[in-house]
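Enquirer: My structure is in my_file27.cif, and what it holds is mmCIF, C-alpha atoms:
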data_start
loop_
_atom_site.label_atom_id
_atom_site.label_comp_id
_atom_site.auth_asym_id
_atom_site.auth_seq_id
_atom_site.Cartn_x
_atom_site.Cartn_y
_atom_site.Cartn_z
CA MET A 11 3.89 -1.03 2.65
CA ALA A 12 4.74 1.78 0.24
CA MET A 13 3.31 4.50 2.48
CA THR A 14 5.11 3.17 5.52
CA PHE A 15 8.44 2.81 3.72
CA TYR A 16 8.16 6.27 2.16
CA ASN A 17 7.35 7.94 5.46
CA LYS A 18 10.15 6.06 7.22
CA PHE A 19 12.81 6.77 4.59
CA THR A 20 11.87 10.46 4.28
CA ASN A 21 11.29 10.91 8.02
CA SER A 22 7.92 12.42 7.15
CA SER A 23 4.23 11.70 7.16
CA ASP A 24 3.74 12.94 3.59
CA ALA A 25 2.54 9.64 2.15
CA TYR A 26 -0.95 8.32 2.69
CA SER A 27 -2.41 4.95 1.79
CA ALA A 28 -5.86 4.11 0.46
CA GLY A 29 -7.28 1.07 -1.27
CA THR A 30 -9.50 0.58 -4.29
CA GLU A 31 -11.66 -2.13 -2.69
CA VAL A 32 -12.01 -1.49 1.04
CA HIS A 33 -14.83 -3.42 2.68
CA TYR A 34 -14.22 -2.40 6.30
CA GLU A 35 -13.17 1.23 6.21
CA GLY A 36 -11.38 2.28 9.38
CA GLU A 37 -10.38 -1.26 10.30
CA THR A 38 -6.76 -1.64 11.38
CA LEU A 39 -4.56 -4.35 9.95
CA GLN A 40 -4.54 -6.04 13.35
CA GLU A 41 -8.35 -5.98 13.48
CA ARG A 42 -8.42 -7.40 9.96
CA ARG A 43 -6.01 -10.14 11.00
CA ASP A 44 -8.17 -10.93 14.05
CA ARG A 45 -11.27 -11.12 11.83
CA LYS A 46 -9.83 -12.87 8.77
CA GLY A 47 -6.79 -14.77 9.89
CA GLU A 48 -3.26 -14.41 8.70
CA ILE A 49 -2.36 -10.97 7.36
CA PHE A 50 1.27 -11.51 6.42
CA VAL A 51 2.09 -7.86 5.79
CA ILE A 52 2.23 -7.40 9.57
CA ASP A 53 4.93 -10.07 9.81
CA ALA A 54 6.80 -8.93 6.70
CA MET A 55 7.04 -5.36 7.94
CA ALA A 56 7.97 -6.50 11.46
CA ILE A 57 11.10 -8.02 9.88
CA GLU A 58 11.96 -4.44 8.85
CA GLY A 59 11.38 -3.25 12.41
CA ILE A 60 8.14 -1.52 11.35
CA ASP A 61 4.86 -2.02 13.19
CA VAL A 62 1.90 -1.68 10.82
CA ARG A 63 -0.72 -3.31 13.04
CA ASP A 64 -2.47 0.04 13.62
CA ASN A 65 -2.47 1.09 9.95
CA VAL A 66 -6.07 1.82 8.98
CA GLN A 67 -7.84 0.79 5.79
CA THR A 68 -9.24 3.72 3.83
CA GLN A 69 -11.12 3.80 0.52
CA VAL A 70 -9.50 5.96 -2.17
CA THR A 71 -11.68 8.74 -3.58
CA LYS A 72 -11.43 11.17 -6.49
CA ASP A 73 -11.00 14.05 -4.05
CA MET A 74 -8.00 12.36 -2.41
CA VAL A 75 -6.27 11.90 -5.74
CA LYS A 76 -6.60 15.61 -6.51
CA ASN A 77 -4.68 16.49 -3.32
CA TYR A 78 -1.44 14.65 -4.16
CA ASP A 79 1.40 15.38 -6.56
CA LYS A 80 1.83 11.66 -7.25
CA VAL A 81 -0.46 8.73 -6.64
CA ILE A 82 1.14 5.31 -6.77
CA CYS A 83 -1.32 2.64 -7.80
CA MET A 84 -0.54 -1.01 -7.12
CA ALA A 85 -4.08 -2.36 -7.30
CA GLN A 86 -4.78 -5.01 -9.89
CA ARG A 87 -5.95 -3.33 -13.09
CA GLU A 88 -9.37 -4.99 -12.87
CA ASN A 89 -9.80 -3.44 -9.40
CA THR A 90 -8.70 0.04 -10.45
CA PRO A 91 -11.41 2.53 -11.39
CA ASP A 92 -10.89 4.29 -14.73
CA TRP A 93 -10.84 7.70 -13.05
CA LEU A 94 -7.82 6.60 -11.00
CA GLU A 95 -6.01 4.81 -13.80
CA ASN A 96 -6.41 7.88 -16.02
CA ALA A 97 -5.55 10.51 -13.40
CA PRO A 98 -2.61 12.60 -14.66
CA ASN A 99 -0.77 12.20 -11.36
CA CYS A 100 -1.23 8.41 -11.19
CA VAL A 101 1.82 6.19 -11.57
CA ARG A 102 1.33 2.42 -11.81
CA TRP A 103 3.64 0.01 -10.05
CA ASP A 104 2.96 -3.55 -11.11
CA VAL A 105 3.49 -5.60 -7.97
CA ASP A 106 1.79 -8.96 -7.59
CA ASP A 107 -0.72 -8.94 -4.75
CA PRO A 108 0.62 -11.38 -2.15
CA GLY A 109 -2.70 -11.54 -0.27
CA GLY A 110 -3.39 -15.06 0.93
CA LYS A 111 -0.18 -16.43 -0.60
CA GLY A 112 1.87 -16.74 2.58
CA ILE A 113 4.82 -14.99 4.16
CA GLU A 114 7.34 -15.86 1.42
CA GLU A 115 5.28 -14.17 -1.31
CA THR A 116 4.55 -11.24 1.00
CA ASN A 117 8.27 -10.82 1.68
CA LYS A 118 8.99 -10.88 -2.07
CA ALA A 119 6.37 -8.19 -2.66
CA LYS A 120 7.75 -6.19 0.28
CA GLU A 121 11.25 -6.19 -1.22
CA ILE A 122 9.91 -5.03 -4.59
CA VAL A 123 7.89 -2.24 -2.97
CA LYS A 124 10.84 -1.20 -0.81
CA SER A 125 13.09 -0.99 -3.86
CA LYS A 126 10.51 1.00 -5.83
CA VAL A 127 10.03 3.44 -2.94
CA LEU A 128 13.79 3.99 -2.65
CA ASP A 129 14.02 4.60 -6.43
CA PHE A 130 11.03 6.96 -6.26
CA ILE A 131 12.66 9.00 -3.48
CA LYS A 132 16.01 9.06 -5.30
CA ASN A 133 14.42 10.26 -8.54
CA SER A 134 11.98 12.77 -7.04
#
Here is a file; write its structure as structure tokens.

Expert:
Amino acid sequence: MAMTFYNKFTNSSDAYSAGTEVHYEGETLQERRDRKGEIFVIDAMAIEGIDVRDNVQTQVTKDMVKNYDKVICMAQRENTPDWLENAPNCVRWDVDDPGGKGIEETNKAKEIVKSKVLDFIKNS
């Protein structure tokens, strides 16, 4: 969500998204939904007029982190490697993971992420 909002609001492709626990690297969100069932982020972002079905899951690496001015981490602390948590360019956004909690919780998380992205852009 954060990558997509940032790129939309800045009319860029500067932001990139990667996860801390990716089991099917390269899988799109639509493929994940087809395999697993309901992936509510697709629906939540569609409300914003944004299609994320083709967004691809990628595992974050140390090398990736070195290539960015800022790295926003929203992974649960227990799922965040120390090297990422302690990276000097890492900023933590505490947003509850809505995974498996339904569309209402996903929409709440979406609104928090959207607000944080807008604040980030404003203050950058």

Enquirer: Find the residues around range 123-126 of chain A up to 8 Å (only C-alpha atoms counted), leave out those fewer than 4 positions away in its own chain, and share them as a list of chain:residue names.

Expert: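 Residues meeting the cut-off are A:Met11, A:Ala12, A:Phe15, A:Val105, A:Ala119, A:Phe130.
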
Enquirer: Write to file, as an mmCIF file, in the coordinates of the input, the residues of the selection just made, with C-alpha atoms.

Expert:
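selection_1.cif was written with the following content:
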data_model
loop_
_atom_site.group_PDB
_atom_site.id
_atom_site.type_symbol
_atom_site.label_atom_id
_atom_site.label_comp_id
_atom_site.auth_asym_id
_atom_site.auth_seq_id
_atom_site.Cartn_x
_atom_site.Cartn_y
_atom_site.Cartn_z
ATOM 1 C CA MET A 11 3.890 -1.030 2.650
ATOM 2 C CA ALA A 12 4.740 1.780 0.240
ATOM 3 C CA PHE A 15 8.440 2.810 3.720
ATOM 4 C CA VAL A 105 3.490 -5.600 -7.970
ATOM 5 C CA ALA A 119 6.370 -8.190 -2.660
ATOM 6 C CA PHE A 130 11.030 6.960 -6.260
#

Enquirer: Please list as a PyMOL selection string every residue within 12 Å of Asn65 in chain A, counting all atoms listed in the file and excluding residues in the same chain fewer than 2 positions away.

Expert: chain A and resi 11+13-14+26-28+35-43+51-52+55+60-63+67-68

Enquirer: Since I can't run it myself right now, could you work out what the PyMOL selection byres ((chain A and resi 110-117) around 7) selects here and report it as number ranges by chain?

Expert: A: 50-51, 54, 108-109, 118-121

Enquirer: Suppose a student applies the PyMOL selection byres ((chain A and resi 84) around 6) to this structure; what residues should they get, written as a ChimeraX atom specification?

Expert: /A:83,85,103-104

Enquirer: At what distance in Å, to one decimal, does CA of Ile57 in chain A lie from CA of Ile82 in chain A?

Expert: 23.5 Å

Enquirer: Identify the residues within 12 Å of coordinate (9.2, 13.2, -6.0) (same frame as the file), considering only C-alpha atoms, and give the answer as a PyMOL selection string.

Expert: chain A and resi 16+20+24-25+78-82+99+101+127-134

Enquirer: Quick one: 6 Å padding each side, axis-aligned, all listed atoms of range 42-57 of chain A - centre and edge lengths in Å to one decimal, as AutoDock Vina command-line options?

Expert:
--center_x -0.1 --center_y -10.1 --center_z 9.9 --size_x 34.4 --size_y 21.4 --size_z 20.3

Enquirer: Identify which of the residues A:Gly59, A:Asn17, A:Val66, A:Arg102 lies closest to Val32 in chain A, counting only C-alpha atoms when measuring atom-to-atom distances.

Expert: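 Under the stated criterion, the closest residue is A:Val66.
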
Enquirer: Report the distance between CA of Glu95 in chain A and CA of Met74 in chain A in Å, rounded to one decimal place.

Expert: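 Atom-to-atom, CA of Glu95 in chain A to CA of Met74 in chain A, that is 13.8 Å.
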
Enquirer: Between CA of Asp106 in chain A and CA of Asp53 in chain A, what distance in Å does the model show, to one decimal?

Expert: 17.7 Å

Enquirer: Find the residues around Thr30 in chain A up to 8 Å (all atoms listed in the file counted), leave out those fewer than 4 positions away in its own chain, and share them as a list in words.

Expert: Gln69, Val70, Ala85, Asn89, Thr90 and Pro91 of chain A
